[in-house]
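J.: First the structure, then my questions, so here it is.
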Amino acid sequence: MFWRLVFQLLRGNSGRLTVAILALVSGAAVISGLLNLELGVEYQLTQQFRTLGANVVIAPKADQPAPESALGDSALMNEDAVLNSVGQITGPSVWFAPFAYVIARANDAPVVAVGTWLDQVRNLDPTWKLEGNWISSRDDLEQCLVGRNAAKQLHLVTGRRLRLQYLSRTAECSVAGIFDSGAAEDNQVFMSLRALQTLADLPGKISLVQLNVSGGPKVIAKVAGQLSEVLPQFQVRPIREVTEAQGALLGRIRLLIVTMIVLILILTVLCVVATMAALAIERRADIGLMKALGGSISRIVGFFVAEVGLLGAAGGLIGAIMGVALSYWMGVRVFDTPIPPRWEVFPVTILLMTIVAMAGVLPLRMLGEVKPAIMLRGD
Amino acid sequence: MFTRLIGESLSRNPRRKLLTAAALVAGMAVATATLTIALEVGDRLAHEFRSFGANLLVTPQSDTLPVEIGGVDYRPVDEGAYLNEADLGKLKTIFWRHNIEGFTPFLDVPAFVPEAGGVATVVGTWYQHDVPVPDGTTFKTGVSITHPSWKMDGRWFHDSADECVVGSALAAKFPTEIKIGKTIAVGRDEKSGPARTLLITGIVSTGDAEDRTVLVPLSIAQNLSHHPGQFRSLFVSALTKPADALAERGEMALNDQNIQLTPTEYDRWFCSPYISSISYQIKTVLPGTDVRTIRRVAETEGRVLSRVGTLLWIVTLAALIAAALAVAATSATTVLERRSEIGLMKALGAGNSTVTGLFLLEQLLLALAGGAVGFIVGAALARILGSSVFGTPASPQFILLPIILGLAAVVALVGSLIPLRRAAHLRPALILRGQ
């Protein structure tokens, strides 16, 4: 009986209900869209900050001689041991590459030669501007990348051959590309790790490992903690100065977005309450009739609360789907990658809309004191 | 008669208008606050980004190739070119001088420091130094502005005192000799012996090559290297605008003779704080230098700024829509509540246009008042929001006032027009009976 009446009420007033449903759906869409955006925005923003470059460095301990100043064995790390551990700990979201340095001579001028995984250079430092081609294989011993200043000093252009000399050994490679980093790398020559180890006669040795970990300062600290557990003999150093500045900025951006979302939420709730109140006012005559027919006011109000509760849930569901689609579009528009839907958004939005819609008709309770005859007259 | 009716209506039954008024104030306050923040957020975030440090690096052009690994230059002191400290004031004379937040010169000297195991790199720099600007003023700058992420344990040196700060890695290597409050001796090399005795005032952690060096006031490093008044590299921190198509064309035109900007394009490029135009302007006041963009910082800044900017505009748009919906919905409710009043007016002989006009005028007055109050509340809200998020309050944007008032009026009128039209079509007798 109760539910039949509720459905009758819903069917009988379809015209007026359209407006209410419209308000509920648009309100729910805005709320769920922004909620989904808020939940996804941290990941999206940390992805943007990856262009800052490496944020964790693994190097020999500080009480040993600095890895750069001397290329003696004690200052170097064993490539296989370190890289295996790093590979086991870290997932695919962590980019890393080993580095080894040597001061070689080219045309009798000293130049810093860097040996690394050339295919990973682009991931570790995504902001480099390159003229020429990236190198796609880390086993490519034939090609190298040259920094902008080094290329100018050594009169190199893409495609030329570069001859490096270290003690009595020499290495040759062809310049695949010339890069501009705006940092110290502009003065260096990047070649394959294997080729540099051969040139320096230090097979299997590296100076340091750079990691680019995606995530906030907490994630970075966690990865660094795990790494120092498995590599106690080395120093695992999160570049705190960068990660903290990044964390602070992220916090501010999120705070800003959250505050704006809360403000919008309040407005949306207000809008829905107002629409529901309008619906309730239009129903005054119905209430009078029901009361005249002997219904108790709590039972009558119960009908309406159930009715709008159903409306709210339905509107919330439709709106949530629309909102998630909206945030998907926003993700593509703003970050070039969609923001994936979060399941939490659906129950939260539906529950919120149901409660808000019910709250909107509560003023009907005040009608309990009014006499049915007067109400039917329309005062 | 008309005005008296409205006056009566507004003064008689204030409770009925309460919902509309509240929605108007709330909606317009949120619209004002979000718009104020959205207008300012670019500048604010650009400022925040300076916590990542400098975004421009100035080096001498004729320099030989620096042989630098991990920030330590292995070239002899006598090799390579230097820049003059005296020219630095000119940086504050360029077109975008107010966007130059700070700059810091660096001079690396391989030196003899017995407490640090013999040879160590001494880096001369400024902490907070007063730079004379050609217009007669002074400008305070140094690593405190260009490298704010450096972590200091203790305090920085005074730029004119015999003090120094030691990098954390170096300090960890010699825990007994290097402590805050102790002194170290620095000299040019082992033969000439220590030239200066410096008090250690702090241990600095930079996350970079400076962790393995001794940082000293610039003048001391200049003395050590016998290069008075000179330095080797300059870090500049500048507030910039994210690069767009014009910025890229401007940058390309600088490097490539084949690309020419039209005079208007050139003016627009020169007069926009793009990183490329600022670096070009620095180059003109410091001839013989190479001004490089620290791409890691500058590009991240550009990406994040433009994305967060777009994001905030979308959220602002959502706020505006939510505000409009809230105001329209409550206006409609108010009109619905007063249908019997409409019926009575019509029964007493008022025409549709009179009734509609009366109600619309009333709503308009309400909207203007609510919009004005909402603007004040919104400006206050933006102030609080600005200071809680960015530390400094957002100043009210009075240009928004007419926009907010117009928005309030349009939304309230549109919201009440629809139920009014429906009410006008009904027969007065039916409305009065309450159907």
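Please note that chains go A, B, ... in the order of the structure tokens, that every chain numbers its residues from 1, and that ligands are numbered from 1 in the order shown.
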For range 80-90 of chain A, list every protein, DNA or RNA residue within 9 Å, evaluated using only C-alpha atoms, and leave out those in the same chain fewer than 5 positions away; present the list as an MDAnalysis selection string.
T.: chainID A and resid 58 95:98 204:205 209 213 223 226:227 230:231
J.: Given the selection you just returned, output its residues as a file containing C-alpha atoms, formatted as an mmCIF file, in the first residue's frame.
T.:
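Once everything was written out, this is part24.cif:
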data_model
loop_
_atom_site.group_PDB
_atom_site.id
_atom_site.type_symbol
_atom_site.label_atom_id
_atom_site.label_comp_id
_atom_site.auth_asym_id
_atom_site.auth_seq_id
_atom_site.Cartn_x
_atom_site.Cartn_y
_atom_site.Cartn_z
ATOM 1 C CA ILE A 58 71.933 5.737 -4.767
ATOM 2 C CA TRP A 95 62.398 4.826 -13.814
ATOM 3 C CA PHE A 96 66.047 4.373 -13.028
ATOM 4 C CA ALA A 97 69.416 4.294 -14.717
ATOM 5 C CA PRO A 98 73.005 3.695 -13.623
ATOM 6 C CA GLY A 204 80.737 -3.804 -14.194
ATOM 7 C CA LYS A 205 81.319 -0.640 -12.127
ATOM 8 C CA VAL A 209 72.052 5.228 -9.751
ATOM 9 C CA VAL A 213 59.920 7.822 -8.511
ATOM 10 C CA VAL A 223 60.789 3.631 -1.834
ATOM 11 C CA GLN A 226 62.969 -0.043 1.131
ATOM 12 C CA LEU A 227 66.037 0.496 -1.000
ATOM 13 C CA VAL A 230 68.335 -4.053 0.818
ATOM 14 C CA LEU A 231 71.380 -1.908 0.028
#
J.: Can you check which residues of range 193-345 of chain A DSSP gives as helix (DSSP H, G or I) on the backbone and send them as an MDAnalysis selection string?
T.: chainID A and resid 193:200 217:230 240:282 284:292 297:335 345
J.: Enumerate, in order of chain and increasing residue number, the residues of chain B with an atom no farther than 6 Å from chain A, each with its shortest atom pair and distance in Å to one decimal, counting only C-alpha atoms, as a tab-separated table.
T.:
residue	atom	partner	partner_atom	distance
B:Val67	CA	A:Val111	CA	5.8
B:Ser149	CA	A:Glu241	CA	5.1
B:Lys173	CA	A:Asp63	CA	4.9
B:Gly207	CA	A:Ile239	CA	5.1
B:Arg292	CA	A:Gly182	CA	5.4
B:Thr293	CA	A:Gly182	CA	5.2
B:Ile294	CA	A:Gly182	CA	4.2
B:Arg295	CA	A:Gly182	CA	5.4
B:Arg296	CA	A:Leu52	CA	5.1
B:Thr300	CA	A:Thr51	CA	5.7
B:Arg307	CA	A:Val334	CA	5.6
B:Ala319	CA	A:Ile264	CA	5.3
B:Ala322	CA	A:Thr268	CA	5.7
B:Ala326	CA	A:Cys271	CA	4.0
B:Ala329	CA	A:Thr275	CA	5.8
B:Thr330	CA	A:Ala274	CA	5.3
B:Thr333	CA	A:Ala278	CA	4.9
B:Val389	CA	A:Arg252	CA	5.6
B:Arg433	CA	A:Gly378	CA	5.3
B:Gly434	CA	A:Gly378	CA	3.9
J.: Separation of CA of Ile275 in chain B and CA of Phe390 in chain B, in Å?
T.: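 About the pair CA of Ile275 in chain B and CA of Phe390 in chain B: they are 23.1 Å apart.
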J.: Compile the contact shell of Arg338 in chain B as a PDB file with N, CA and C atoms, in the first residue's frame: residues with an atom at most 10 Å away, counting only C-alpha atoms, same-chain residues fewer than 5 positions apart removed.
T.:
ATOM      1  N   ARG B  16       9.675  35.497   3.563  1.00  0.00           N
ATOM      2  CA  ARG B  16       9.482  34.820   2.282  1.00  0.00           C
ATOM      3  C   ARG B  16      10.680  35.009   1.350  1.00  0.00           C
ATOM      4  N   THR B 333      11.197  29.012  -6.478  1.00  0.00           N
ATOM      5  CA  THR B 333      10.449  28.604  -5.285  1.00  0.00           C
ATOM      6  C   THR B 333       9.699  29.774  -4.682  1.00  0.00           C
ATOM      7  N   GLY B 343      -2.731  35.328  -7.823  1.00  0.00           N
ATOM      8  CA  GLY B 343      -4.146  35.129  -8.120  1.00  0.00           C
ATOM      9  C   GLY B 343      -4.986  36.286  -7.609  1.00  0.00           C
ATOM     10  N   LEU B 420       6.633  32.401 -13.230  1.00  0.00           N
ATOM     11  CA  LEU B 420       5.710  33.542 -13.372  1.00  0.00           C
ATOM     12  C   LEU B 420       4.832  33.355 -14.598  1.00  0.00           C
ATOM     13  N   ALA B 423       2.310  30.836 -13.858  1.00  0.00           N
ATOM     14  CA  ALA B 423       1.281  31.358 -12.948  1.00  0.00           C
ATOM     15  C   ALA B 423       0.345  32.297 -13.693  1.00  0.00           C
TER      16      ALA B 423
END
